[in-house]
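Step one of this worksheet: look at the structure below.
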Amino acid sequence: MKKPGFALMIVVVLVAASALAFAPAKYEIKQKYVLGGEGGWDYLTYDPAGKRLFISRGTHVMVVDPAKGAVIGDIPDTAGVHGIALAQDLGKGFTSNGRENSVTVFDLKTLKTSTRIKIEGENPDAILYDPASQRVFTFNGRSKNATVIDAAKDAVVATIPLDGKPEFAVSDGKGMVFVNIEDKSELTEIDAKNAKVVKSWPLAPCEDPSGLAIDQKNRRLFAGCGNKMMAVINADTGKVVATVPIGPGVDANAFDPGTQLAFSSNGGDGTLTVVHEDSPDKFTVAENAQTQKFARTMTLDTANHDVYLVTAEIEEAPPAKEGERPRRSMKPGTFTLLVLGKK
């Protein structure tokens, strides 16, 4: 009688331990650092080699030690900067300067600008480095195209026409680049080496996609949609395999392969939607962690699993004319870095 009972107890313990191992940990604000400084913000990028954050601030890039909440450097003269791409293998960084249609190239060690590349595209927004082709791509919102730059030579090699206004983009690490087409609610696949569009897929029921992330192993893309959902897409077929609800005002997404968690930063209600990848085609919302209103962009440290967001206190003034949006301005000295981690 003792042996069956003992065996049953072992099974129960193993099942409980297995469930605990796969239960996503809850996220909360670990640190809140008021960085201050001038300028609005857009994308931020984490540098895993240097353990630094690169944060776009309108006319310059702020470099921050997220462990201490300390500003450790600055990259000036990046007019209308939107994003920062890092080429670790080349020791270079690149910024997309929307107001002057250029890309600033800087040294990752010294942060000194080495050159500025003029492009034909208008309002370069999202920017990424594809290591397989050693090329940088800027996605130009106003001209609805992508500029391709040889990252080793700092030279423009091609301009790729797109079907509409591009938003965020990701690389699969094998030479394919994917970009959201916001005004068409589409996803476009680009052959990086040959600098040409391969396919475009509709993202319905997703509308107005902005943020984009990728699970490279399982070939799944995560698009943050303006109609308060995250669409999960098969990167090989373009099929939307799942949708999950998120908060309003998403502008960035991330995926952590170590925890199988996807994230959506929702600036409209100040939440971080955390989604667990149960299987490549099944996804469950684990939680909506509290952040702060207007924290719409983020980046991720896949080593310690922390999520970094930035925001500020915003004042709204009535619109000047009927039908216009309220005018918003950032309260001086309130620009803040939020560090969210597991409980």
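Chain labels run A, B, ... following the order of the structure tokens; each chain numbers its residues from 1, and ligands are numbered from 1 in the order shown.
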Worksheet entry | Contacts of range 155-169 of chain A at 6 Å (only C-alpha atoms; same-chain gap of 6+ positions) as a list in words | Ala126, Phe139, Gly141, Lys144, Asn145, Ala146, Thr147, Val148, Ile149, Phe178, Val179, Asn180, Ile181, Glu182, Asp183, Ser210, Gly211 and Leu212 of chain A
Once you have the residues from the selection above, write them out as a compact mmCIF listing (two decimals), in the first residue's frame, restricted to all heavy atoms.
# COMPACT_ATOMS: atom_id res chain seq x y z
N ALA A 126 11.68 54.29 -38.34
CA ALA A 126 12.30 53.08 -37.79
C ALA A 126 13.61 52.79 -38.52
O ALA A 126 13.77 53.12 -39.71
CB ALA A 126 11.35 51.90 -37.92
N PHE A 139 13.30 53.17 -42.58
CA PHE A 139 11.94 53.09 -43.13
C PHE A 139 11.34 54.48 -43.09
O PHE A 139 11.13 55.06 -42.02
CB PHE A 139 11.14 52.06 -42.34
CG PHE A 139 11.72 50.67 -42.52
CD1 PHE A 139 12.69 50.20 -41.65
CD2 PHE A 139 11.35 49.89 -43.61
CE1 PHE A 139 13.27 48.95 -41.84
CE2 PHE A 139 11.93 48.65 -43.81
CZ PHE A 139 12.89 48.17 -42.93
N GLY A 141 8.78 57.29 -43.56
CA GLY A 141 7.34 57.42 -43.50
C GLY A 141 6.73 58.31 -44.56
O GLY A 141 5.72 57.95 -45.17
N LYS A 144 7.36 56.80 -48.17
CA LYS A 144 6.84 55.44 -48.29
C LYS A 144 7.83 54.52 -49.00
O LYS A 144 7.49 53.83 -49.97
CB LYS A 144 5.48 55.45 -49.00
CG LYS A 144 4.42 56.25 -48.24
CD LYS A 144 3.08 56.24 -48.93
CE LYS A 144 2.06 57.05 -48.14
NZ LYS A 144 0.71 57.05 -48.76
N ASN A 145 9.04 54.50 -48.48
CA ASN A 145 10.06 53.61 -49.02
C ASN A 145 11.07 53.27 -47.94
O ASN A 145 10.97 53.75 -46.80
CB ASN A 145 10.73 54.23 -50.26
CG ASN A 145 11.32 55.60 -50.01
OD1 ASN A 145 11.56 56.00 -48.87
ND2 ASN A 145 11.53 56.36 -51.07
N ALA A 146 12.03 52.44 -48.29
CA ALA A 146 13.09 52.05 -47.36
C ALA A 146 14.44 52.33 -48.02
O ALA A 146 14.63 52.05 -49.21
CB ALA A 146 12.98 50.58 -46.99
N THR A 147 15.36 52.88 -47.25
CA THR A 147 16.72 53.13 -47.73
C THR A 147 17.62 52.01 -47.21
O THR A 147 17.55 51.65 -46.04
CB THR A 147 17.25 54.48 -47.23
OG1 THR A 147 16.40 55.52 -47.74
CG2 THR A 147 18.67 54.73 -47.70
N VAL A 148 18.46 51.48 -48.10
CA VAL A 148 19.37 50.39 -47.75
C VAL A 148 20.80 50.92 -47.75
O VAL A 148 21.25 51.52 -48.74
CB VAL A 148 19.25 49.22 -48.74
CG1 VAL A 148 20.08 48.03 -48.26
CG2 VAL A 148 17.79 48.82 -48.92
N ILE A 149 21.51 50.71 -46.64
CA ILE A 149 22.87 51.24 -46.47
C ILE A 149 23.84 50.10 -46.21
O ILE A 149 23.57 49.23 -45.37
CB ILE A 149 22.91 52.24 -45.29
CG1 ILE A 149 22.03 53.46 -45.58
CG2 ILE A 149 24.34 52.68 -44.97
CD1 ILE A 149 21.81 54.36 -44.38
N PHE A 178 11.21 42.21 -41.99
CA PHE A 178 9.76 42.38 -42.01
C PHE A 178 9.42 43.78 -41.48
O PHE A 178 9.99 44.23 -40.50
CB PHE A 178 9.09 41.33 -41.14
CG PHE A 178 9.35 39.91 -41.57
CD1 PHE A 178 10.48 39.24 -41.13
CD2 PHE A 178 8.49 39.27 -42.45
CE1 PHE A 178 10.73 37.93 -41.54
CE2 PHE A 178 8.73 37.96 -42.86
CZ PHE A 178 9.85 37.29 -42.41
N VAL A 179 8.45 44.43 -42.14
CA VAL A 179 8.06 45.78 -41.73
C VAL A 179 6.54 45.91 -41.78
O VAL A 179 5.88 45.41 -42.69
CB VAL A 179 8.73 46.86 -42.62
CG1 VAL A 179 8.38 46.67 -44.09
CG2 VAL A 179 8.38 48.26 -42.15
N ASN A 180 5.98 46.59 -40.77
CA ASN A 180 4.56 46.91 -40.76
C ASN A 180 4.29 48.06 -41.73
O ASN A 180 5.03 49.06 -41.75
CB ASN A 180 4.10 47.34 -39.37
CG ASN A 180 3.91 46.17 -38.43
OD1 ASN A 180 3.56 45.09 -38.84
ND2 ASN A 180 4.14 46.41 -37.14
N ILE A 181 3.23 47.95 -42.51
CA ILE A 181 2.74 49.05 -43.35
C ILE A 181 1.49 49.58 -42.68
O ILE A 181 0.40 49.00 -42.78
CB ILE A 181 2.46 48.59 -44.80
CG1 ILE A 181 3.69 47.90 -45.39
CG2 ILE A 181 2.03 49.78 -45.65
CD1 ILE A 181 4.93 48.78 -45.49
N GLU A 182 1.65 50.69 -41.96
CA GLU A 182 0.62 51.16 -41.04
C GLU A 182 -0.69 51.53 -41.73
O GLU A 182 -1.77 51.10 -41.31
CB GLU A 182 1.16 52.35 -40.25
CG GLU A 182 0.21 52.85 -39.18
CD GLU A 182 0.79 54.03 -38.42
OE1 GLU A 182 1.55 54.81 -39.01
OE2 GLU A 182 0.47 54.17 -37.23
N ASP A 183 -0.62 52.34 -42.78
CA ASP A 183 -1.85 52.84 -43.38
C ASP A 183 -2.58 51.81 -44.25
O ASP A 183 -3.73 52.02 -44.63
CB ASP A 183 -1.59 54.12 -44.19
CG ASP A 183 -0.53 53.93 -45.28
OD1 ASP A 183 0.20 52.92 -45.23
OD2 ASP A 183 -0.42 54.80 -46.16
N SER A 210 1.81 49.15 -35.55
CA SER A 210 2.97 50.02 -35.28
C SER A 210 4.15 49.17 -34.83
O SER A 210 5.04 48.86 -35.60
CB SER A 210 2.61 51.09 -34.24
OG SER A 210 2.07 50.48 -33.07
N GLY A 211 4.18 48.77 -33.55
CA GLY A 211 5.29 47.97 -33.05
C GLY A 211 5.36 46.60 -33.68
O GLY A 211 4.35 46.05 -34.14
N LEU A 212 6.58 46.02 -33.70
CA LEU A 212 6.77 44.70 -34.27
C LEU A 212 7.93 44.01 -33.56
O LEU A 212 8.95 44.63 -33.26
CB LEU A 212 7.08 44.80 -35.77
CG LEU A 212 7.09 43.50 -36.58
CD1 LEU A 212 5.70 42.88 -36.62
CD2 LEU A 212 7.59 43.75 -38.00
Worksheet item: Can you tell me, as a PyMOL selection string, what residues are no more than 8 Å from Ser200 in chain A when counting only C-alpha atoms, ignoring any on the same chain fewer than 4 positions away?
Response: chain A and resi 186-189+238
Can those selected residues be exported to a file as an mmCIF file, in the first residue's frame so that it contains N, CA and C atoms?
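The resulting selection_20.cif:
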data_model
loop_
_atom_site.group_PDB
_atom_site.id
_atom_site.type_symbol
_atom_site.label_atom_id
_atom_site.label_comp_id
_atom_site.auth_asym_id
_atom_site.auth_seq_id
_atom_site.Cartn_x
_atom_site.Cartn_y
_atom_site.Cartn_z
ATOM 1 N N GLU A 186 -0.830 46.127 -43.351
ATOM 2 C CA GLU A 186 -0.151 45.021 -44.018
ATOM 3 C C GLU A 186 1.190 44.735 -43.354
ATOM 4 N N LEU A 187 1.739 43.578 -43.689
ATOM 5 C CA LEU A 187 3.094 43.212 -43.304
ATOM 6 C C LEU A 187 3.858 42.900 -44.581
ATOM 7 N N THR A 188 5.047 43.506 -44.721
ATOM 8 C CA THR A 188 5.852 43.322 -45.925
ATOM 9 C C THR A 188 7.160 42.626 -45.582
ATOM 10 N N GLU A 189 7.532 41.658 -46.401
ATOM 11 C CA GLU A 189 8.782 40.928 -46.253
ATOM 12 C C GLU A 189 9.781 41.416 -47.306
ATOM 13 N N GLY A 238 2.638 34.272 -43.643
ATOM 14 C CA GLY A 238 1.925 35.535 -43.518
ATOM 15 C C GLY A 238 0.566 35.407 -42.862
#
Worksheet item: Can you list every residue in range 105-324 of chain A that DSSP puts in strand (DSSP E or B), as a PyMOL selection string?
Response: chain A and resi 105-107+113-118+124-130+135-140+145-150+155-161+166-171+176-181+186-191+196-202+209-215+220-225+229-234+240-245+250-256+261-266+271-279+282-290+298-300+307-311+314-317
Fill in: range 323-337 of chain A surroundings by only C-alpha atoms, 7 Å radius, close-in-sequence under 2 positions cut, as a PyMOL selection string
chain A and resi 32-37+308-319+321+339
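Considering only C-alpha atoms, the residue among A:Arg219, A:Lys239, A:Ile29, A:Leu340 positioned nearest to Ala204 in chain A is A:Lys239.
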Worksheet item: Counting only C-alpha atoms, what is within 8 Å of Met176 in chain A, bar same-chain residues fewer than 3 positions away, as a list in words?
Response: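 In the requested form, the answer reads Ser171, Asp172, Gly173, Glu189, Ile190, Asp191 and Ala192 of chain A.
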Print the selection's residues with all heavy atoms to a file, as a compact mmCIF listing (two decimals), in the first residue's frame.
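The result, written out as selection.txt:
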# COMPACT_ATOMS: atom_id res chain seq x y z
N SER A 171 14.37 41.96 -38.12
CA SER A 171 15.11 41.02 -38.97
C SER A 171 14.95 39.62 -38.40
O SER A 171 14.88 39.44 -37.18
CB SER A 171 16.59 41.41 -39.01
OG SER A 171 17.37 40.36 -39.56
N ASP A 172 14.93 38.62 -39.30
CA ASP A 172 14.84 37.24 -38.81
C ASP A 172 16.22 36.63 -38.56
O ASP A 172 16.33 35.47 -38.16
CB ASP A 172 14.04 36.36 -39.78
CG ASP A 172 14.76 36.07 -41.10
OD1 ASP A 172 15.83 36.68 -41.35
OD2 ASP A 172 14.24 35.25 -41.88
N GLY A 173 17.29 37.42 -38.79
CA GLY A 173 18.65 36.94 -38.57
C GLY A 173 19.19 36.08 -39.69
O GLY A 173 20.34 35.65 -39.65
N GLU A 189 7.53 41.66 -46.40
CA GLU A 189 8.78 40.93 -46.25
C GLU A 189 9.78 41.42 -47.31
O GLU A 189 9.44 41.52 -48.49
CB GLU A 189 8.55 39.43 -46.41
CG GLU A 189 9.81 38.59 -46.26
CD GLU A 189 9.56 37.10 -46.50
OE1 GLU A 189 8.53 36.76 -47.12
OE2 GLU A 189 10.40 36.28 -46.07
N ILE A 190 11.02 41.70 -46.86
CA ILE A 190 12.06 42.23 -47.75
C ILE A 190 13.26 41.29 -47.74
O ILE A 190 13.71 40.85 -46.68
CB ILE A 190 12.50 43.63 -47.29
CG1 ILE A 190 11.35 44.63 -47.44
CG2 ILE A 190 13.73 44.12 -48.07
CD1 ILE A 190 11.62 45.99 -46.82
N ASP A 191 13.77 40.98 -48.93
CA ASP A 191 15.02 40.25 -49.07
C ASP A 191 16.15 41.26 -48.88
O ASP A 191 16.35 42.14 -49.72
CB ASP A 191 15.08 39.61 -50.46
CG ASP A 191 16.34 38.79 -50.70
OD1 ASP A 191 17.41 39.15 -50.17
OD2 ASP A 191 16.26 37.79 -51.43
N ALA A 192 16.88 41.15 -47.77
CA ALA A 192 17.87 42.17 -47.42
C ALA A 192 19.02 42.23 -48.42
O ALA A 192 19.48 43.31 -48.80
CB ALA A 192 18.42 41.91 -46.01
Worksheet entry | Residues near range 128-134 of chain A, cut-off 8 Å, only C-alpha atoms, skip fewer than 5 positions along chain, as an MDAnalysis selection string | chainID A and resid 84:87 89 150:152 169:171 173:175 177 192:193
Suppose we keep C-alpha atoms; can you now write the selection as a short mmCIF file (atom, residue, chain, number, x, y, z; two decimals), in the first residue's frame?
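Ended up saving to out.cif:
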data_model
loop_
_atom_site.label_atom_id
_atom_site.label_comp_id
_atom_site.auth_asym_id
_atom_site.auth_seq_id
_atom_site.Cartn_x
_atom_site.Cartn_y
_atom_site.Cartn_z
CA ILE A 84 18.88 53.76 -33.06
CA ALA A 85 20.33 50.61 -34.64
CA LEU A 86 23.47 48.87 -33.37
CA ALA A 87 25.93 46.85 -35.47
CA ASP A 89 30.09 43.19 -35.25
CA ASP A 150 26.05 49.18 -46.65
CA ALA A 151 26.97 49.34 -42.95
CA ALA A 152 30.65 48.54 -43.54
CA ALA A 169 10.64 46.53 -38.62
CA VAL A 170 12.56 43.44 -37.49
CA SER A 171 15.11 41.02 -38.97
CA GLY A 173 18.65 36.94 -38.57
CA LYS A 174 18.77 34.98 -41.83
CA GLY A 175 18.56 37.82 -44.34
CA VAL A 177 13.40 41.84 -42.95
CA ALA A 192 17.87 42.17 -47.42
CA LYS A 193 20.69 41.05 -49.72
#
Worksheet item: Nearest to Gly50 in chain A: which of A:Thr291, A:Asp301, A:Ser279, A:Thr104 is it, counting only C-alpha atoms?
Response: A:Asp301
